[in-house]
Every structure is written in C-alpha cells, then in structure tokens.
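Asks: Below is the file query06.pdb, which contains PDB, C-alpha atoms.
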```pdb
ATOM      1  CA  ALA A 239     181.608  34.984 -25.293
ATOM      2  CA  ILE A 240     180.855  31.333 -24.513
ATOM      3  CA  SER A 241     177.525  32.218 -23.001
ATOM      4  CA  HIS A 242     176.630  34.284 -26.078
ATOM      5  CA  GLN A 243     177.632  31.413 -28.338
ATOM      6  CA  GLU A 244     175.573  28.988 -26.223
ATOM      7  CA  GLU A 245     172.620  31.335 -26.504
ATOM      8  CA  LEU A 246     173.088  31.467 -30.270
ATOM      9  CA  GLU A 247     173.330  27.679 -30.439
ATOM     10  CA  GLU A 248     170.238  27.316 -28.270
ATOM     11  CA  SER A 249     168.427  29.864 -30.417
ATOM     12  CA  LEU A 250     169.574  28.020 -33.541
ATOM     13  CA  GLN A 251     168.416  24.724 -32.001
ATOM     14  CA  ARG A 252     165.022  26.236 -31.132
ATOM     15  CA  SER A 253     164.713  27.663 -34.648
ATOM     16  CA  ARG A 254     165.533  24.251 -36.117
ATOM     17  CA  GLN A 255     162.972  22.631 -33.796
ATOM     18  CA  ASP A 256     160.356  25.269 -34.725
ATOM     19  CA  LEU A 257     161.135  24.699 -38.401
ATOM     20  CA  SER A 258     160.882  20.934 -37.904
ATOM     21  CA  ASP A 259     157.605  21.348 -36.004
ATOM     22  CA  ARG A 260     156.203  23.624 -38.705
ATOM     23  CA  LYS A 261     157.319  21.194 -41.398
ATOM     24  CA  SER A 262     155.627  18.320 -39.538
ATOM     25  CA  ALA A 263     152.491  20.419 -39.118
ATOM     26  CA  GLU A 264     152.507  21.291 -42.847
ATOM     27  CA  GLU A 265     152.981  17.627 -43.781
ATOM     28  CA  LEU A 266     150.161  16.677 -41.425
ATOM     29  CA  GLU A 267     147.954  19.388 -42.927
ATOM     30  CA  ALA A 268     148.854  18.205 -46.449
ATOM     31  CA  GLU A 269     147.914  14.641 -45.487
ATOM     32  CA  ARG A 270     144.614  15.867 -44.031
ATOM     33  CA  HIS A 271     143.966  17.906 -47.173
ATOM     34  CA  ALA A 272     144.688  14.858 -49.380
ATOM     35  CA  ALA A 273     142.381  12.695 -47.231
ATOM     36  CA  VAL A 274     139.586  15.291 -47.440
ATOM     37  CA  GLN A 275     140.031  15.530 -51.212
ATOM     38  CA  ALA A 276     139.955  11.735 -51.555
ATOM     39  CA  GLU A 277     136.769  11.614 -49.491
ATOM     40  CA  LEU A 278     135.274  14.406 -51.585
ATOM     41  CA  LEU A 279     136.092  12.475 -54.768
ATOM     42  CA  GLN A 280     134.467   9.368 -53.290
ATOM     43  CA  HIS A 281     131.337  11.354 -52.441
ATOM     44  CA  MET A 282     131.262  12.842 -55.935
ATOM     45  CA  ALA A 283     131.619   9.374 -57.495
ATOM     46  CA  ALA A 284     128.856   8.020 -55.251
ATOM     47  CA  GLU A 285     126.617  10.967 -56.151
ATOM     48  CA  GLN A 286     127.262  10.392 -59.856
ATOM     49  CA  SER A 287     126.506   6.691 -59.447
ATOM     50  CA  LEU A 288     123.247   7.518 -57.654
ATOM     51  CA  GLN A 289     122.284   9.983 -60.386
ATOM     52  CA  LEU A 290     122.921   7.330 -63.057
ATOM     53  CA  GLY A 291     120.753   4.928 -61.068
ATOM     54  CA  LEU A 292     117.996   7.525 -60.847
ATOM     55  CA  ASP A 293     118.231   8.190 -64.573
ATOM     56  CA  ASP A 294     118.004   4.451 -65.321
ATOM     57  CA  GLY A 295     115.023   4.151 -62.969
ATOM     58  CA  GLU A 296     113.276   7.049 -64.653
ATOM     59  CA  THR A 297     113.899   5.539 -68.090
ATOM     60  CA  ASN A 298     112.549   2.179 -66.907
ATOM     61  CA  CYS A 299     109.512   3.939 -65.441
ATOM     62  CA  GLN A 300     108.858   5.683 -68.770
ATOM     63  CA  HIS A 301     109.111   2.370 -70.661
ATOM     64  CA  LEU A 302     106.735   0.711 -68.201
ATOM     65  CA  GLN A 303     104.286   3.596 -68.571
ATOM     66  CA  GLN A 304     104.399   3.219 -72.365
ATOM     67  CA  GLU A 305     103.779  -0.526 -72.066
ATOM     68  CA  LEU A 306     100.878   0.120 -69.685
ATOM     69  CA  ASP A 307      99.373   2.685 -72.062
ATOM     70  CA  GLN A 308      99.655   0.217 -74.961
ATOM     71  CA  THR A 309      98.127  -2.576 -72.892
ATOM     72  CA  LEU A 310      95.238  -0.353 -71.820
ATOM     73  CA  SER A 311      94.681   0.668 -75.435
ATOM     74  CA  ARG A 312      94.614  -2.989 -76.539
ATOM     75  CA  LYS A 313      92.266  -3.774 -73.653
ATOM     76  CA  ALA A 314      89.875  -1.024 -74.767
ATOM     77  CA  ALA A 315      89.957  -2.335 -78.359
ATOM     78  CA  VAL A 316      89.260  -5.897 -77.211
ATOM     79  CA  GLU A 317      86.413  -4.708 -74.974
ATOM     80  CA  GLU A 318      84.873  -2.797 -77.890
ATOM     81  CA  SER A 319      85.196  -5.875 -80.094
ATOM     82  CA  LEU A 320      83.586  -7.955 -77.367
ATOM     83  CA  ARG A 321      80.648  -5.516 -77.111
ATOM     84  CA  GLU A 322      80.160  -5.628 -80.875
ATOM     85  CA  THR A 323      80.275  -9.423 -80.875
ATOM     86  CA  GLU A 324      77.748  -9.619 -78.043
ATOM     87  CA  SER A 325      75.419  -7.249 -79.905
ATOM     88  CA  THR A 326      75.718  -9.334 -83.053
ATOM     89  CA  LEU A 327      75.020 -12.475 -81.046
ATOM     90  CA  ARG A 328      71.864 -10.959 -79.574
ATOM     91  CA  GLU A 329      70.686 -10.013 -83.062
ATOM     92  CA  ARG A 330      71.423 -13.507 -84.350
ATOM     93  CA  GLN A 331      69.602 -15.063 -81.400
ATOM     94  CA  CYS A 332      66.533 -12.939 -82.178
ATOM     95  CA  ASP A 333      66.776 -13.978 -85.833
ATOM     96  CA  ILE A 334      66.953 -17.620 -84.842
ATOM     97  CA  GLU A 335      64.004 -17.328 -82.496
ATOM     98  CA  ARG A 336      61.956 -15.601 -85.190
ATOM     99  CA  LEU A 337      62.916 -18.207 -87.742
ATOM    100  CA  GLU A 338      62.164 -21.018 -85.332
ATOM    101  CA  THR A 339      58.685 -19.536 -84.780
ATOM    102  CA  LEU A 340      58.158 -19.280 -88.534
ATOM    103  CA  HIS A 341      59.484 -22.768 -88.947
ATOM    104  CA  GLN A 342      56.985 -24.067 -86.410
ATOM    105  CA  GLU A 343      54.151 -22.310 -88.219
ATOM    106  CA  LEU A 344      55.254 -23.732 -91.528
ATOM    107  CA  ARG A 345      55.647 -27.202 -90.103
ATOM    108  CA  GLU A 346      51.992 -27.123 -89.117
ATOM    109  CA  GLY A 347      50.742 -26.267 -92.599
ATOM    110  CA  ARG A 348      53.305 -25.921 -95.379
ATOM    111  CA  GLU A 349      55.680 -28.815 -95.824
ATOM    112  CA  SER A 350      57.381 -27.612 -99.033
ATOM    113  CA  GLU A 351      58.286 -24.198 -97.648
ATOM    114  CA  ALA A 352      59.377 -25.753 -94.372
ATOM    115  CA  HIS A 353      62.391 -27.388 -96.048
ATOM    116  CA  GLU A 354      63.643 -24.030 -97.315
ATOM    117  CA  LEU A 355      63.255 -22.371 -93.918
ATOM    118  CA  SER A 356      64.972 -25.303 -92.274
ATOM    119  CA  ALA A 357      68.014 -24.663 -94.426
ATOM    120  CA  GLN A 358      67.929 -20.984 -93.406
ATOM    121  CA  VAL A 359      67.676 -21.938 -89.747
ATOM    122  CA  SER A 360      70.645 -24.271 -90.141
ATOM    123  CA  ALA A 361      72.653 -21.540 -91.839
ATOM    124  CA  LEU A 362      71.780 -19.093 -89.101
ATOM    125  CA  GLN A 363      72.620 -21.686 -86.462
ATOM    126  CA  ALA A 364      76.000 -22.203 -88.126
ATOM    127  CA  ASP A 365      76.435 -18.426 -88.205
ATOM    128  CA  LEU A 366      75.486 -18.262 -84.517
ATOM    129  CA  ASP A 367      77.944 -21.038 -83.721
ATOM    130  CA  GLN A 368      80.639 -19.094 -85.575
ATOM    131  CA  GLN A 369      79.710 -15.872 -83.766
ATOM    132  CA  GLN A 370      79.813 -17.695 -80.432
ATOM    133  CA  ALA A 371      83.259 -19.032 -81.276
ATOM    134  CA  LEU A 372      84.326 -15.466 -82.144
ATOM    135  CA  GLN A 373      82.872 -14.254 -78.855
ATOM    136  CA  ARG A 374      84.791 -16.930 -76.943
ATOM    137  CA  ASP A 375      87.984 -15.885 -78.765
ATOM    138  CA  ALA A 376      87.275 -12.230 -77.990
ATOM    139  CA  GLN A 377      86.555 -13.099 -74.352
ATOM    140  CA  GLU A 378      89.838 -15.013 -74.135
ATOM    141  CA  ARG A 379      91.736 -12.044 -75.620
ATOM    142  CA  HIS A 380      89.941  -9.745 -73.225
ATOM    143  CA  ASP A 381      90.899 -11.998 -70.307
ATOM    144  CA  GLU A 382      94.518 -12.116 -71.498
ATOM    145  CA  VAL A 383      94.701  -8.325 -71.837
ATOM    146  CA  GLN A 384      92.971  -7.975 -68.467
ATOM    147  CA  ALA A 385      95.568 -10.295 -66.890
ATOM    148  CA  ALA A 386      98.439  -8.474 -68.616
ATOM    149  CA  SER A 387      97.243  -5.077 -67.403
ATOM    150  CA  GLN A 388      97.177  -6.200 -63.781
TER     151      GLN A 388
END
```
Just give me the structure of the file as structure tokens.

Replies:
Amino acid sequence: AISHQEELEESLQRSRQDLSDRKSAEELEAERHAAVQAELLQHMAAEQSLQLGLDDGETNCQHLQQELDQTLSRKAAVEESLRETESTLRERQCDIERLETLHQELREGRESEAHELSAQVSALQADLDQQQALQRDAQERHDEVQAASQ
C-alpha cells in the first residue's frame, strides 16, 4: 500500500511538473507571440512612414514639374519677344540707313528739306534707342528665365 501511494505521489509530482513545464512553455510561447506582434507592428509603422515619405516626394516632384513647365513657358514667351524685338531693330536700322542716305543727298543740294529729314532721323534714332533698350530688357529677362530653368 505504501509503494502504491508512493507511485501515486510520484505520478502526481510528475503530472505537476509536466503541468508546470507546459505552463512555462505556454508563457514562453505567449511572450514570443507578443514579441513577434510588436515587431510586426513596428514594421507596419515603418512601412506606413515610408509610404507617406514616398507620397510627399511624389507631390514635391509634381510641384517641381509644374514650376518647370511654367518656367519653360515663360522662357518661350521671352524668346519670342526677343525675336520680335530683334526683327523690329533690324527694320529700324534699315530705316535709319535709308534716311541717312537720303539725308546725305539732301545735304548736298537741298538745305531746307534737310532740316525736316534731320528731325525724322533724330526721331528714328530715338525710336532705335528705345527699341535697343527694350531689347536689352528682353535679353535680361531671357537670361533670367534661362538661369531659372537651369
């Protein structure tokens, strides 16, 4: 009877130890599970942060593209204005040369008419000076747009 009771006590002790071991294993598994979940949450937060960064980068890229498009459009407008100004200047230069030739002819023979043409030459010279100032302004704007687009 004592031997049977000792066996029962040993069996009970082993069962308690098994239960304790299983409980420790379950606690360990629960801790591992919690650690894995925490790591997963960290990865998810990092992924979300990266996605927000990518979205911000894409938005910035779109804004920069819009600014570049606007700058290129302004550059094209300034270049067209510059071409028009240069064409006008060439026309004015031809007018001045023609008037200077006429003026020379008149100076040789017609003093009274020479005064009138002189006034026209002066007016055209003033116009040319104004056109050249406009061309310089247009060139400066072109240079500024060129620098901004680079």

Asks: Write out as a list in words each polymer residue whose atoms come within 12 Å of Gln370 of chain A, counting all atoms listed in the file; drop sequence neighbours fewer than 2 positions from it.

Replies: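 Skipping anything fewer than 2 positions along the chain leaves Leu320, Thr323, Glu324, Ser325, Thr326, Leu327, Arg328, Arg330, Gln331, Leu362, Gln363, Ala364, Asp365, Leu366, Asp367, Gln368, Leu372, Gln373, Arg374, Asp375, Ala376 and Gln377 of chain A.
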
Asks: Report the residues retrieved by the PyMOL selection byres ((chain A and resi 378-386) around 12) from the displayed file, expressed as a PDB file with C-alpha atoms, in the frame of the given file.

Replies:
```pdb
ATOM      1  CA  GLU A 305     103.779  -0.526 -72.066  1.00  0.00           C
ATOM      2  CA  LEU A 306     100.878   0.120 -69.685  1.00  0.00           C
ATOM      3  CA  ASP A 307      99.373   2.685 -72.062  1.00  0.00           C
ATOM      4  CA  GLN A 308      99.655   0.217 -74.961  1.00  0.00           C
ATOM      5  CA  THR A 309      98.127  -2.576 -72.892  1.00  0.00           C
ATOM      6  CA  LEU A 310      95.238  -0.353 -71.820  1.00  0.00           C
ATOM      7  CA  SER A 311      94.681   0.668 -75.435  1.00  0.00           C
ATOM      8  CA  ARG A 312      94.614  -2.989 -76.539  1.00  0.00           C
ATOM      9  CA  LYS A 313      92.266  -3.774 -73.653  1.00  0.00           C
ATOM     10  CA  ALA A 314      89.875  -1.024 -74.767  1.00  0.00           C
ATOM     11  CA  ALA A 315      89.957  -2.335 -78.359  1.00  0.00           C
ATOM     12  CA  VAL A 316      89.260  -5.897 -77.211  1.00  0.00           C
ATOM     13  CA  GLU A 317      86.413  -4.708 -74.974  1.00  0.00           C
ATOM     14  CA  GLU A 318      84.873  -2.797 -77.890  1.00  0.00           C
ATOM     15  CA  SER A 319      85.196  -5.875 -80.094  1.00  0.00           C
ATOM     16  CA  LEU A 320      83.586  -7.955 -77.367  1.00  0.00           C
ATOM     17  CA  ARG A 321      80.648  -5.516 -77.111  1.00  0.00           C
ATOM     18  CA  ALA A 371      83.259 -19.032 -81.276  1.00  0.00           C
ATOM     19  CA  LEU A 372      84.326 -15.466 -82.144  1.00  0.00           C
ATOM     20  CA  GLN A 373      82.872 -14.254 -78.855  1.00  0.00           C
ATOM     21  CA  ARG A 374      84.791 -16.930 -76.943  1.00  0.00           C
ATOM     22  CA  ASP A 375      87.984 -15.885 -78.765  1.00  0.00           C
ATOM     23  CA  ALA A 376      87.275 -12.230 -77.990  1.00  0.00           C
ATOM     24  CA  GLN A 377      86.555 -13.099 -74.352  1.00  0.00           C
ATOM     25  CA  SER A 387      97.243  -5.077 -67.403  1.00  0.00           C
ATOM     26  CA  GLN A 388      97.177  -6.200 -63.781  1.00  0.00           C
TER      27      GLN A 388
END
```

Asks: Between atom CA of His353 of chain A and atom CA of Arg336 of chain A, what is the distance in Å, rounded to a tenth?

Replies: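 We find that atom CA of His353 of chain A and atom CA of Arg336 of chain A lie 16.0 Å from each other.
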
Asks: Atom CA of Glu338 of chain A to atom CA of Val359 of chain A: how many Å, to one decimal?

Replies: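 Spanning atom CA of Glu338 of chain A to atom CA of Val359 of chain A is a straight-line distance of 7.1 Å.
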
Asks: Could you please determine the separation between atom CA of Glu322 of chain A and atom CA of Ala357 of chain A in Å, to one decimal place?

Replies: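 Spanning atom CA of Glu322 of chain A to atom CA of Ala357 of chain A is a straight-line distance of 26.3 Å.
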